[in-house]
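Here is the structure we will look at.
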Amino acid sequence: MADKTYDIAIVGAGFSGPILAANIAEKGVKQGTGDRLRIALVEAGPHMEGTHRPGYGAPVRRRRITNLVGGDPAFHWDDGGARVVGGSSLHWQASAFLPYPIDYVHWQEETGVDWTPDKLRPGVEETRREFNVHEYPEEENTRGNRLFNEVATRMGYQTFRQQGARRNCIYCGFCAGAHMCRYDARSSTLGYVDKALKLGVDILAGTEVERVLIEPTGKRGVASGLICRNAESTYAIPADHIIMACGFRKTPLLLMRSGYGPPEWGGNPITVVNPNIGKHIDGHPRIPGISAIFDEALGDGLVGSVRGYFIIHDDRPDGLGRLLLRADLGGGAYPQTTALNRFAPEFGQAHKDWMKNKGILRTGSLNPSMAKAKGRWSFDPRGNLVYSGDHSMVVRRAREGLEIAHGILTEMGAREITSKDIPARINSATRGSHLVGSCRAGTDPGTSVVNPYFESHDVDNLYICDASVIPRVTTGNTGTPQAAVTVFGAARIVERHFQR
Ligand SMILES: Cc1cc2nc3c(=O)[nH]c(=O)nc-3n(C[C@H](O)[C@H](O)[C@H](O)COP(=O)(O)OP(=O)(O)OC[C@H]3O[C@@H](n4cnc5c(N)ncnc54)[C@H](O)[C@@H]3O)c2cc1C
């Protein structure tokens, strides 16, 4: 048993947890007394301590620039994210696509949430400021990306400059391979971690939450604490309020393990039923990019990750089936990627010349992603992610996206372009990225898990505020939309529960 009872225990210190901890500690007080809140931020992974100084780094983190996939097992890729204080904000690519106007409409139409641009504006502004969201500097762009911009514009497509989230960054591009930045230049939630510590939040790192304590009261429940495990023991943390922030996968699975979920769940008995936990998951279906090789170099090898431009393509006013097509032309690459590139000669002198002359700099790709109308993932009774639904729009729009990409690359003068045929793996079993919505927010308890104020429909004193509450995937990557929603969520939770 922990020696302290907390007012709030936040589960997960990834993208959302530190924002919640810092903002609630700063603006919230105990109702009635006005006392400072006792907050625990509980994280399964380690805390690599050190003041956050973007562009300079901290000694412990400088030594651990590991790649997320197959890297340091202490905080490796954990089924959809990094297991460390800071979560995937330490390993993300920092591509910033704050919500577009149509994304708010999609959220509202999906589940009735009142999450309008006006209401989220403070969250968007804070995210812009804290994560230093800015357009990548034009001088860091590759020749290939500039050529893409010129040609696509001439062909009548509207292009946009890619935005990123970095501070004091030298744009070396090393982080593109899901490595940590040795200098903390990539924006992360570490600044919020520092702030939370200053405000007296206890960070319990290396502590896996095994179960949320939910006592059934009739058909409903009341959350009263956590069962946790660290290297030494398993113990309970009593807390008056629990906020779940362990991501789109771990949040629903942990709730199901705690007895809150759909009746068909195959693990522990479910004592509080909500059939929507682990369902309605939306994301971008994986559409392979289209690659090309040119006669002349598209880059000088100095810039690896600065994706210069992108196109948004809609074929209907409601933005369903929206395509986002990113240009990544002429960036540097690791030797092993260069050696195995699809345009690389297989063996012998030709391959040696390719490696010596950095043939990779003559190649690049255009990569589509898509927001779709239908087709959702859900967790089956064993916790596996399965896909179902009408997939026709995905196949049609993927085909159109690859046609557009092929047309632009042809017009750019590519010598050879990969096939624009839809590969067999774009089918109804397709995997997705940027998954959200596994405990979605909504007005109807029959089709959602939390209300628009992030409060569980069924369990008192339980809140969810991470990628799992977002009702539908946004136009681009979900990290900065997630941050904006979390700032908004923290303000709503304070407003309703932690004001004098
Ligand atoms: C490799 C990669 C690249 C990405 N690139 C981009 C990008 O360029 N742009 C962008 O906008 N988005 C990007 N994203 C997406 C973005 O990182 C996610 O949208 C965001 O991390 C989701 O935030 P979250 O708080 O829901 O979850 P997370 O950040 O995953 O945080 C969850 C935290 O909970 C902890 N946890 C889980 N279970 C438990 C438990 N039982 N007990 C205690 N702690 C637990 C985890 O260890 C983790 O630290 C990327 C993601 C990855 C993985």
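Please note that chains go A, B, ... in the order of the structure tokens, that every chain numbers its residues from 1, and that ligands are numbered from 1 in the order shown.
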
How would you report the residues lying within 7 Å of ligand 1, as a PyMOL selection string, if you count only C-alpha atoms and all ligand atoms? chain A and resi 11-17+42-45+68+80-89+91-97+178+207-210+245-248+250-251+254+434+466-468+477-482

Determine which residues of segment 206-370 of chain A DSSP labels as alpha helix (DSSP H) from the backbone of this structure, then write them out as JSON, numbers by chain. {"A": [247, 248, 249, 250, 251, 252, 253, 254, 255, 256, 257, 335, 336, 337, 338, 339, 348, 349, 350, 351, 352, 353, 354, 355, 356]}

Output N, CA and C atoms for every residue in the selection just made, as a PDB file, in the first residue's frame.
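Contents of result_20.pdb, freshly written:
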ATOM      1  N   GLY A 247      -2.855   5.809 -23.705  1.00  0.00           N
ATOM      2  CA  GLY A 247      -2.825   5.654 -25.154  1.00  0.00           C
ATOM      3  C   GLY A 247      -3.973   4.818 -25.703  1.00  0.00           C
ATOM      4  N   PHE A 248      -4.124   4.851 -27.031  1.00  0.00           N
ATOM      5  CA  PHE A 248      -5.311   4.263 -27.676  1.00  0.00           C
ATOM      6  C   PHE A 248      -5.402   2.758 -27.434  1.00  0.00           C
ATOM      7  N   ARG A 249      -4.262   2.080 -27.200  1.00  0.00           N
ATOM      8  CA  ARG A 249      -4.291   0.634 -27.018  1.00  0.00           C
ATOM      9  C   ARG A 249      -4.365   0.260 -25.536  1.00  0.00           C
ATOM     10  N   LYS A 250      -3.474   0.850 -24.734  1.00  0.00           N
ATOM     11  CA  LYS A 250      -3.366   0.411 -23.336  1.00  0.00           C
ATOM     12  C   LYS A 250      -4.544   0.879 -22.493  1.00  0.00           C
ATOM     13  N   THR A 251      -5.109   2.040 -22.783  1.00  0.00           N
ATOM     14  CA  THR A 251      -6.227   2.516 -21.952  1.00  0.00           C
ATOM     15  C   THR A 251      -7.412   1.553 -22.005  1.00  0.00           C
ATOM     16  N   PRO A 252      -7.936   1.175 -23.188  1.00  0.00           N
ATOM     17  CA  PRO A 252      -9.095   0.259 -23.164  1.00  0.00           C
ATOM     18  C   PRO A 252      -8.742  -1.109 -22.601  1.00  0.00           C
ATOM     19  N   LEU A 253      -7.518  -1.608 -22.908  1.00  0.00           N
ATOM     20  CA  LEU A 253      -7.165  -2.946 -22.416  1.00  0.00           C
ATOM     21  C   LEU A 253      -7.046  -2.950 -20.889  1.00  0.00           C
ATOM     22  N   LEU A 254      -6.493  -1.874 -20.334  1.00  0.00           N
ATOM     23  CA  LEU A 254      -6.374  -1.792 -18.873  1.00  0.00           C
ATOM     24  C   LEU A 254      -7.764  -1.687 -18.228  1.00  0.00           C
ATOM     25  N   LEU A 255      -8.640  -0.926 -18.841  1.00  0.00           N
ATOM     26  CA  LEU A 255     -10.001  -0.818 -18.283  1.00  0.00           C
ATOM     27  C   LEU A 255     -10.700  -2.173 -18.324  1.00  0.00           C
ATOM     28  N   MET A 256     -10.505  -2.898 -19.428  1.00  0.00           N
ATOM     29  CA  MET A 256     -11.147  -4.217 -19.524  1.00  0.00           C
ATOM     30  C   MET A 256     -10.578  -5.158 -18.454  1.00  0.00           C
ATOM     31  N   ARG A 257      -9.240  -5.080 -18.268  1.00  0.00           N
ATOM     32  CA  ARG A 257      -8.635  -5.915 -17.214  1.00  0.00           C
ATOM     33  C   ARG A 257      -9.156  -5.523 -15.831  1.00  0.00           C
ATOM     34  N   PRO A 335      23.128   3.919 -44.552  1.00  0.00           N
ATOM     35  CA  PRO A 335      23.716   3.060 -45.593  1.00  0.00           C
ATOM     36  C   PRO A 335      22.887   1.809 -45.865  1.00  0.00           C
ATOM     37  N   GLN A 336      22.339   1.204 -44.810  1.00  0.00           N
ATOM     38  CA  GLN A 336      21.595  -0.033 -45.057  1.00  0.00           C
ATOM     39  C   GLN A 336      20.329   0.234 -45.863  1.00  0.00           C
ATOM     40  N   THR A 337      19.701   1.383 -45.641  1.00  0.00           N
ATOM     41  CA  THR A 337      18.500   1.731 -46.412  1.00  0.00           C
ATOM     42  C   THR A 337      18.905   1.995 -47.855  1.00  0.00           C
ATOM     43  N   THR A 338      20.019   2.685 -48.022  1.00  0.00           N
ATOM     44  CA  THR A 338      20.508   2.990 -49.365  1.00  0.00           C
ATOM     45  C   THR A 338      20.823   1.688 -50.103  1.00  0.00           C
ATOM     46  N   ALA A 339      21.485   0.759 -49.411  1.00  0.00           N
ATOM     47  CA  ALA A 339      21.918  -0.490 -50.051  1.00  0.00           C
ATOM     48  C   ALA A 339      20.733  -1.311 -50.526  1.00  0.00           C
ATOM     49  N   GLY A 348      27.504  -6.291 -57.214  1.00  0.00           N
ATOM     50  CA  GLY A 348      28.620  -6.042 -58.119  1.00  0.00           C
ATOM     51  C   GLY A 348      28.985  -4.576 -58.245  1.00  0.00           C
ATOM     52  N   GLN A 349      29.711  -4.245 -59.338  1.00  0.00           N
ATOM     53  CA  GLN A 349      30.251  -2.901 -59.507  1.00  0.00           C
ATOM     54  C   GLN A 349      29.143  -1.843 -59.539  1.00  0.00           C
ATOM     55  N   ALA A 350      28.030  -2.211 -60.200  1.00  0.00           N
ATOM     56  CA  ALA A 350      26.934  -1.232 -60.304  1.00  0.00           C
ATOM     57  C   ALA A 350      26.426  -0.868 -58.904  1.00  0.00           C
ATOM     58  N   HIS A 351      26.351  -1.878 -58.037  1.00  0.00           N
ATOM     59  CA  HIS A 351      25.875  -1.613 -56.683  1.00  0.00           C
ATOM     60  C   HIS A 351      26.900  -0.800 -55.893  1.00  0.00           C
ATOM     61  N   LYS A 352      28.199  -1.135 -56.113  1.00  0.00           N
ATOM     62  CA  LYS A 352      29.251  -0.371 -55.425  1.00  0.00           C
ATOM     63  C   LYS A 352      29.197   1.102 -55.848  1.00  0.00           C
ATOM     64  N   ASP A 353      28.991   1.332 -57.173  1.00  0.00           N
ATOM     65  CA  ASP A 353      28.919   2.720 -57.665  1.00  0.00           C
ATOM     66  C   ASP A 353      27.735   3.447 -57.034  1.00  0.00           C
ATOM     67  N   TRP A 354      26.624   2.725 -56.949  1.00  0.00           N
ATOM     68  CA  TRP A 354      25.401   3.295 -56.332  1.00  0.00           C
ATOM     69  C   TRP A 354      25.695   3.748 -54.902  1.00  0.00           C
ATOM     70  N   MET A 355      26.381   2.894 -54.151  1.00  0.00           N
ATOM     71  CA  MET A 355      26.678   3.222 -52.760  1.00  0.00           C
ATOM     72  C   MET A 355      27.663   4.391 -52.685  1.00  0.00           C
ATOM     73  N   LYS A 356      28.712   4.317 -53.552  1.00  0.00           N
ATOM     74  CA  LYS A 356      29.759   5.341 -53.497  1.00  0.00           C
ATOM     75  C   LYS A 356      29.205   6.709 -53.924  1.00  0.00           C
TER      76      LYS A 356
END

Within 9 Å of Arg440 of chain A, counting only C-alpha atoms, which residues show up once you throw out same-chain ones fewer than 3 positions away? Write them as a PDB file with all heavy atoms, in the first residue's frame, please.
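As a result, part36.pdb now contains:
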ATOM      1  N   THR A 111     -19.932  11.901 -32.979  1.00  0.00           N
ATOM      2  CA  THR A 111     -20.498  11.559 -31.652  1.00  0.00           C
ATOM      3  C   THR A 111     -21.167  12.733 -30.929  1.00  0.00           C
ATOM      4  O   THR A 111     -21.513  12.606 -29.755  1.00  0.00           O
ATOM      5  CB  THR A 111     -19.384  11.023 -30.713  1.00  0.00           C
ATOM      6  OG1 THR A 111     -18.398  12.051 -30.562  1.00  0.00           O
ATOM      7  CG2 THR A 111     -18.744   9.755 -31.224  1.00  0.00           C
ATOM      8  N   ASN A 276     -18.730  -0.060 -25.771  1.00  0.00           N
ATOM      9  CA  ASN A 276     -17.940   0.775 -26.689  1.00  0.00           C
ATOM     10  C   ASN A 276     -16.447   0.799 -26.359  1.00  0.00           C
ATOM     11  O   ASN A 276     -15.646   1.321 -27.131  1.00  0.00           O
ATOM     12  CB  ASN A 276     -18.476   2.204 -26.668  1.00  0.00           C
ATOM     13  CG  ASN A 276     -19.939   2.228 -27.031  1.00  0.00           C
ATOM     14  OD1 ASN A 276     -20.295   1.882 -28.155  1.00  0.00           O
ATOM     15  ND2 ASN A 276     -20.791   2.562 -26.067  1.00  0.00           N
ATOM     16  N   ILE A 277     -16.073   0.243 -25.212  1.00  0.00           N
ATOM     17  CA  ILE A 277     -14.639   0.246 -24.855  1.00  0.00           C
ATOM     18  C   ILE A 277     -13.897  -0.697 -25.801  1.00  0.00           C
ATOM     19  O   ILE A 277     -14.266  -1.864 -25.950  1.00  0.00           O
ATOM     20  CB  ILE A 277     -14.447  -0.148 -23.378  1.00  0.00           C
ATOM     21  CG1 ILE A 277     -15.056   0.955 -22.493  1.00  0.00           C
ATOM     22  CG2 ILE A 277     -12.973  -0.380 -23.046  1.00  0.00           C
ATOM     23  CD1 ILE A 277     -14.905   0.743 -21.013  1.00  0.00           C
ATOM     24  N   GLY A 278     -12.881  -0.138 -26.465  1.00  0.00           N
ATOM     25  CA  GLY A 278     -12.104  -0.944 -27.410  1.00  0.00           C
ATOM     26  C   GLY A 278     -12.752  -1.078 -28.775  1.00  0.00           C
ATOM     27  O   GLY A 278     -12.295  -1.879 -29.597  1.00  0.00           O
ATOM     28  N   LYS A 279     -13.795  -0.276 -29.046  1.00  0.00           N
ATOM     29  CA  LYS A 279     -14.475  -0.341 -30.359  1.00  0.00           C
ATOM     30  C   LYS A 279     -14.328   1.006 -31.095  1.00  0.00           C
ATOM     31  O   LYS A 279     -13.735   1.935 -30.559  1.00  0.00           O
ATOM     32  CB  LYS A 279     -15.966  -0.648 -30.149  1.00  0.00           C
ATOM     33  CG  LYS A 279     -16.240  -1.935 -29.379  1.00  0.00           C
ATOM     34  CD  LYS A 279     -15.940  -3.150 -30.247  1.00  0.00           C
ATOM     35  CE  LYS A 279     -16.405  -4.454 -29.670  1.00  0.00           C
ATOM     36  NZ  LYS A 279     -15.874  -4.788 -28.358  1.00  0.00           N
ATOM     37  N   HIS A 280     -14.876   1.103 -32.297  1.00  0.00           N
ATOM     38  CA  HIS A 280     -14.964   2.359 -33.078  1.00  0.00           C
ATOM     39  C   HIS A 280     -13.589   2.985 -33.352  1.00  0.00           C
ATOM     40  O   HIS A 280     -13.469   4.207 -33.425  1.00  0.00           O
ATOM     41  CB  HIS A 280     -15.802   3.426 -32.350  1.00  0.00           C
ATOM     42  CG  HIS A 280     -17.073   2.936 -31.756  1.00  0.00           C
ATOM     43  ND1 HIS A 280     -18.129   2.506 -32.519  1.00  0.00           N
ATOM     44  CD2 HIS A 280     -17.470   2.800 -30.464  1.00  0.00           C
ATOM     45  CE1 HIS A 280     -19.125   2.134 -31.720  1.00  0.00           C
ATOM     46  NE2 HIS A 280     -18.742   2.290 -30.483  1.00  0.00           N
ATOM     47  N   ILE A 281     -12.547   2.185 -33.436  1.00  0.00           N
ATOM     48  CA  ILE A 281     -11.196   2.766 -33.572  1.00  0.00           C
ATOM     49  C   ILE A 281     -10.982   3.227 -35.018  1.00  0.00           C
ATOM     50  O   ILE A 281     -11.186   2.459 -35.963  1.00  0.00           O
ATOM     51  CB  ILE A 281     -10.123   1.736 -33.167  1.00  0.00           C
ATOM     52  CG1 ILE A 281     -10.363   1.301 -31.714  1.00  0.00           C
ATOM     53  CG2 ILE A 281      -8.720   2.296 -33.355  1.00  0.00           C
ATOM     54  CD1 ILE A 281      -9.561   0.092 -31.277  1.00  0.00           C
ATOM     55  N   VAL A 436      -7.046   6.122 -33.145  1.00  0.00           N
ATOM     56  CA  VAL A 436      -7.723   6.895 -32.084  1.00  0.00           C
ATOM     57  C   VAL A 436      -9.117   6.307 -31.865  1.00  0.00           C
ATOM     58  O   VAL A 436      -9.601   5.526 -32.674  1.00  0.00           O
ATOM     59  CB  VAL A 436      -7.897   8.395 -32.494  1.00  0.00           C
ATOM     60  CG1 VAL A 436      -6.557   9.084 -32.676  1.00  0.00           C
ATOM     61  CG2 VAL A 436      -8.738   8.543 -33.767  1.00  0.00           C
ATOM     62  N   GLY A 437      -9.771   6.712 -30.782  1.00  0.00           N
ATOM     63  CA  GLY A 437     -11.216   6.459 -30.640  1.00  0.00           C
ATOM     64  C   GLY A 437     -11.596   5.197 -29.890  1.00  0.00           C
ATOM     65  O   GLY A 437     -12.774   4.868 -29.823  1.00  0.00           O
ATOM     66  N   THR A 447     -23.211   4.949 -27.275  1.00  0.00           N
ATOM     67  CA  THR A 447     -22.253   4.796 -28.382  1.00  0.00           C
ATOM     68  C   THR A 447     -20.867   5.355 -28.045  1.00  0.00           C
ATOM     69  O   THR A 447     -20.019   5.490 -28.924  1.00  0.00           O
ATOM     70  CB  THR A 447     -22.766   5.517 -29.653  1.00  0.00           C
ATOM     71  OG1 THR A 447     -22.934   6.905 -29.336  1.00  0.00           O
ATOM     72  CG2 THR A 447     -24.070   4.937 -30.161  1.00  0.00           C
ATOM     73  N   SER A 448     -20.661   5.731 -26.789  1.00  0.00           N
ATOM     74  CA  SER A 448     -19.353   6.307 -26.438  1.00  0.00           C
ATOM     75  C   SER A 448     -18.982   5.900 -25.005  1.00  0.00           C
ATOM     76  O   SER A 448     -19.763   5.245 -24.316  1.00  0.00           O
ATOM     77  CB  SER A 448     -19.395   7.838 -26.574  1.00  0.00           C
ATOM     78  OG  SER A 448     -20.428   8.379 -25.780  1.00  0.00           O
ATOM     79  N   VAL A 449     -17.784   6.320 -24.578  1.00  0.00           N
ATOM     80  CA  VAL A 449     -17.280   5.887 -23.264  1.00  0.00           C
ATOM     81  C   VAL A 449     -17.183   7.056 -22.280  1.00  0.00           C
ATOM     82  O   VAL A 449     -17.498   6.916 -21.107  1.00  0.00           O
ATOM     83  CB  VAL A 449     -15.904   5.186 -23.426  1.00  0.00           C
ATOM     84  CG1 VAL A 449     -15.373   4.707 -22.070  1.00  0.00           C
ATOM     85  CG2 VAL A 449     -16.015   4.007 -24.384  1.00  0.00           C
ATOM     86  N   VAL A 450     -16.705   8.196 -22.771  1.00  0.00           N
ATOM     87  CA  VAL A 450     -16.690   9.387 -21.900  1.00  0.00           C
ATOM     88  C   VAL A 450     -17.585  10.456 -22.517  1.00  0.00           C
ATOM     89  O   VAL A 450     -17.863  10.439 -23.720  1.00  0.00           O
ATOM     90  CB  VAL A 450     -15.255   9.973 -21.697  1.00  0.00           C
ATOM     91  CG1 VAL A 450     -14.382   9.021 -20.904  1.00  0.00           C
ATOM     92  CG2 VAL A 450     -14.598  10.344 -23.021  1.00  0.00           C
ATOM     93  N   ASN A 451     -18.014  11.407 -21.688  1.00  0.00           N
ATOM     94  CA  ASN A 451     -18.811  12.509 -22.224  1.00  0.00           C
ATOM     95  C   ASN A 451     -17.857  13.583 -22.771  1.00  0.00           C
ATOM     96  O   ASN A 451     -16.635  13.439 -22.662  1.00  0.00           O
ATOM     97  CB  ASN A 451     -19.796  13.017 -21.157  1.00  0.00           C
ATOM     98  CG  ASN A 451     -19.078  13.637 -19.964  1.00  0.00           C
ATOM     99  OD1 ASN A 451     -17.912  14.032 -20.064  1.00  0.00           O
ATOM    100  ND2 ASN A 451     -19.749  13.718 -18.833  1.00  0.00           N
ATOM    101  N   ALA A 467      -5.215   9.587 -26.680  1.00  0.00           N
ATOM    102  CA  ALA A 467      -5.646   9.358 -28.067  1.00  0.00           C
ATOM    103  C   ALA A 467      -6.942   8.552 -28.138  1.00  0.00           C
ATOM    104  O   ALA A 467      -7.670   8.623 -29.133  1.00  0.00           O
ATOM    105  CB  ALA A 467      -4.531   8.630 -28.821  1.00  0.00           C
ATOM    106  N   SER A 468      -7.252   7.814 -27.089  1.00  0.00           N
ATOM    107  CA  SER A 468      -8.422   6.939 -27.181  1.00  0.00           C
ATOM    108  C   SER A 468      -9.750   7.698 -27.173  1.00  0.00           C
ATOM    109  O   SER A 468     -10.767   7.134 -27.538  1.00  0.00           O
ATOM    110  CB  SER A 468      -8.389   5.877 -26.074  1.00  0.00           C
ATOM    111  OG  SER A 468      -8.393   6.478 -24.825  1.00  0.00           O
ATOM    112  N   VAL A 469      -9.777   8.962 -26.755  1.00  0.00           N
ATOM    113  CA  VAL A 469     -11.071   9.664 -26.709  1.00  0.00           C
ATOM    114  C   VAL A 469     -11.410  10.379 -28.023  1.00  0.00           C
ATOM    115  O   VAL A 469     -12.558  10.772 -28.232  1.00  0.00           O
ATOM    116  CB  VAL A 469     -11.153  10.697 -25.560  1.00  0.00           C
ATOM    117  CG1 VAL A 469     -11.018  10.016 -24.213  1.00  0.00           C
ATOM    118  CG2 VAL A 469     -10.128  11.804 -25.717  1.00  0.00           C
ATOM    119  N   ILE A 470     -10.427  10.569 -28.893  1.00  0.00           N
ATOM    120  CA  ILE A 470     -10.668  11.355 -30.117  1.00  0.00           C
ATOM    121  C   ILE A 470     -11.620  10.581 -31.036  1.00  0.00           C
ATOM    122  O   ILE A 470     -11.339   9.442 -31.403  1.00  0.00           O
ATOM    123  CB  ILE A 470      -9.322  11.677 -30.798  1.00  0.00           C
ATOM    124  CG1 ILE A 470      -8.547  12.609 -29.863  1.00  0.00           C
ATOM    125  CG2 ILE A 470      -9.509  12.266 -32.168  1.00  0.00           C
ATOM    126  CD1 ILE A 470      -7.322  13.222 -30.422  1.00  0.00           C
ATOM    127  N   PRO A 471     -12.772  11.179 -31.397  1.00  0.00           N
ATOM    128  CA  PRO A 471     -13.806  10.391 -32.080  1.00  0.00           C
ATOM    129  C   PRO A 471     -13.441   9.952 -33.500  1.00  0.00           C
ATOM    130  O   PRO A 471     -13.935   8.933 -33.970  1.00  0.00           O
ATOM    131  CB  PRO A 471     -15.013  11.337 -32.141  1.00  0.00           C
ATOM    132  CG  PRO A 471     -14.753  12.385 -31.107  1.00  0.00           C
ATOM    133  CD  PRO A 471     -13.266  12.520 -31.021  1.00  0.00           C
ATOM    134  N   ARG A 472     -12.624  10.727 -34.187  1.00  0.00           N
ATOM    135  CA  ARG A 472     -12.252  10.319 -35.553  1.00  0.00           C
ATOM    136  C   ARG A 472     -10.864  10.869 -35.864  1.00  0.00           C
ATOM    137  O   ARG A 472     -10.516  11.951 -35.387  1.00  0.00           O
ATOM    138  CB  ARG A 472     -13.265  10.867 -36.556  1.00  0.00           C
ATOM    139  CG  ARG A 472     -13.257  10.102 -37.848  1.00  0.00           C
ATOM    140  CD  ARG A 472     -14.130  10.743 -38.871  1.00  0.00           C
ATOM    141  NE  ARG A 472     -15.517  10.319 -38.799  1.00  0.00           N
ATOM    142  CZ  ARG A 472     -16.449  10.780 -39.629  1.00  0.00           C
ATOM    143  NH1 ARG A 472     -16.141  11.668 -40.542  1.00  0.00           N
ATOM    144  NH2 ARG A 472     -17.692  10.362 -39.537  1.00  0.00           N
TER     145      ARG A 472
END

Can you measure atom CA of His391 of chain A to atom CA of Gly407 of chain A for me? One decimal in Å is fine. 24.6 Å

Neighbour list for Cys172 of chain A as a short mmCIF file (atom, residue, chain, number, x, y, z; two decimals) with N, CA, C and O atoms, in the first residue's frame, cut-off 12 Å, only C-alpha atoms, skip fewer than 2 positions in-chain:
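Result file result_11.cif:
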data_model
loop_
_atom_site.label_atom_id
_atom_site.label_comp_id
_atom_site.auth_asym_id
_atom_site.auth_seq_id
_atom_site.Cartn_x
_atom_site.Cartn_y
_atom_site.Cartn_z
N GLU A 140 16.20 24.73 -45.66
CA GLU A 140 16.53 23.34 -45.30
C GLU A 140 15.89 22.35 -46.27
O GLU A 140 16.06 21.15 -46.12
N ASN A 141 15.13 22.85 -47.21
CA ASN A 141 14.41 21.98 -48.13
C ASN A 141 15.34 21.35 -49.16
O ASN A 141 16.37 21.92 -49.50
N ARG A 166 9.88 21.64 -33.28
CA ARG A 166 11.28 21.55 -32.80
C ARG A 166 11.70 22.91 -32.28
O ARG A 166 11.12 23.92 -32.66
N ASN A 168 15.47 25.11 -31.48
CA ASN A 168 16.94 25.11 -31.57
C ASN A 168 17.44 23.87 -32.33
O ASN A 168 18.44 23.26 -31.97
N CYS A 169 16.73 23.52 -33.38
CA CYS A 169 17.04 22.30 -34.14
C CYS A 169 18.00 22.62 -35.28
O CYS A 169 17.90 23.68 -35.89
N ILE A 170 18.93 21.71 -35.55
CA ILE A 170 19.84 21.93 -36.69
C ILE A 170 19.35 21.20 -37.93
O ILE A 170 20.01 21.17 -38.95
N PHE A 174 18.25 13.18 -38.27
CA PHE A 174 18.54 11.89 -37.64
C PHE A 174 17.30 11.30 -36.97
O PHE A 174 17.10 10.09 -36.96
N CYS A 175 16.46 12.16 -36.44
CA CYS A 175 15.29 11.69 -35.68
C CYS A 175 14.25 11.03 -36.56
O CYS A 175 13.33 10.39 -36.05
N ALA A 176 14.39 11.15 -37.88
CA ALA A 176 13.36 10.59 -38.76
C ALA A 176 13.23 9.09 -38.60
O ALA A 176 12.19 8.52 -38.89
N GLY A 177 14.28 8.44 -38.13
CA GLY A 177 14.21 6.99 -37.97
C GLY A 177 13.71 6.58 -36.59
O GLY A 177 14.08 5.53 -36.11
N CYS A 181 16.27 12.46 -29.87
CA CYS A 181 17.21 13.53 -30.24
C CYS A 181 18.19 13.70 -29.09
O CYS A 181 17.80 13.90 -27.94
N ARG A 182 19.48 13.65 -29.41
CA ARG A 182 20.50 13.77 -28.37
C ARG A 182 20.42 15.12 -27.67
O ARG A 182 20.85 15.27 -26.54
N TYR A 183 19.86 16.11 -28.34
CA TYR A 183 19.85 17.47 -27.81
C TYR A 183 18.47 17.94 -27.36
O TYR A 183 18.27 19.13 -27.12
N ALA A 185 16.04 18.64 -29.07
CA ALA A 185 15.57 19.72 -29.93
C ALA A 185 14.16 19.42 -30.48
O ALA A 185 13.40 20.33 -30.78
N ARG A 186 13.88 18.15 -30.61
CA ARG A 186 12.52 17.79 -31.02
C ARG A 186 11.58 18.07 -29.84
O ARG A 186 11.87 17.69 -28.71
N GLY A 301 22.19 15.25 -49.48
CA GLY A 301 22.50 14.31 -48.42
C GLY A 301 22.60 14.94 -47.04
O GLY A 301 22.80 14.25 -46.06
N LEU A 302 22.41 16.24 -46.97
CA LEU A 302 22.58 16.89 -45.68
C LEU A 302 21.29 16.92 -44.88
O LEU A 302 21.28 17.10 -43.69
N VAL A 303 20.16 16.77 -45.57
CA VAL A 303 18.88 16.91 -44.90
C VAL A 303 18.14 15.59 -44.96
O VAL A 303 17.95 15.03 -46.03
N GLY A 304 17.78 15.07 -43.81
CA GLY A 304 17.15 13.76 -43.82
C GLY A 304 15.66 13.75 -43.61
O GLY A 304 14.97 12.92 -44.15
N SER A 305 15.15 14.67 -42.85
CA SER A 305 13.77 14.48 -42.42
C SER A 305 12.85 15.63 -42.74
O SER A 305 11.69 15.62 -42.39
N VAL A 306 13.36 16.65 -43.36
CA VAL A 306 12.53 17.83 -43.56
C VAL A 306 11.64 17.61 -44.77
O VAL A 306 12.04 17.86 -45.90
N GLY A 331 16.04 13.13 -49.69
CA GLY A 331 16.59 13.16 -48.33
C GLY A 331 17.73 12.15 -48.20
O GLY A 331 17.84 11.21 -48.98
N GLY A 332 18.57 12.34 -47.19
CA GLY A 332 19.64 11.38 -46.93
C GLY A 332 19.06 10.10 -46.37
O GLY A 332 17.86 10.02 -46.09
N ALA A 333 19.87 9.08 -46.20
CA ALA A 333 19.38 7.83 -45.61
C ALA A 333 20.55 7.06 -45.05
O ALA A 333 21.71 7.31 -45.39
#

Determine the nearest neighbour of Gly432 of chain A from the options A:Glu416, A:Ala405, A:Tyr309, A:Pro285, counting only C-alpha atoms.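 Using only C-alpha atoms, the shortest distance to Gly432 of chain A belongs to A:Pro285.
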
I need the residues of segment 42-268 of chain A that end up classed as strand (DSSP E) by DSSP on the backbone, written out as number ranges by chain. A: 42, 133-135, 159-161, 163-165, 202-204, 208-217, 220-229, 234-244, 260-261

The distance between atom CA of Arg322 of chain A and atom CA of Met393 of chain A is 10.3 Å

Quick one: residues within 12 Å of Gly191 of chain A, only C-alpha atoms, excluding same-chain residues fewer than 6 positions away - as a PyMOL selection string? chain A and resi 15+18-19+21-23+49-54+57+85-86+89-90+127+129-132+167+184-185+197-198

Coordinates-based distance that separates atom CA of Ser258 of chain A from atom CA of Ile227 of chain A (Å, one decimal): 9.6 Å

Name all residues at most 7 Å from Tyr104 of chain A (count only C-alpha atoms; drop same-chain ones fewer than 5 positions away) and give them as a tab-separated table (two decimals) with N, CA, C and O atoms, in the first residue's frame.
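Output contents, as saved in part-v1.tsv:
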chain	number	residue	atom	x	y	z
A	115	TRP	N	-16.77	19.98	-29.45
A	115	TRP	CA	-15.35	20.35	-29.57
A	115	TRP	C	-15.16	21.21	-30.83
A	115	TRP	O	-14.78	20.73	-31.89
A	116	THR	N	-15.47	22.49	-30.70
A	116	THR	CA	-15.44	23.42	-31.84
A	116	THR	C	-14.07	24.11	-31.91
A	116	THR	O	-13.34	24.14	-30.90
A	117	PRO	N	-13.74	24.71	-33.06
A	117	PRO	CA	-12.47	25.45	-33.14
A	117	PRO	C	-12.38	26.54	-32.08
A	117	PRO	O	-11.32	26.74	-31.49
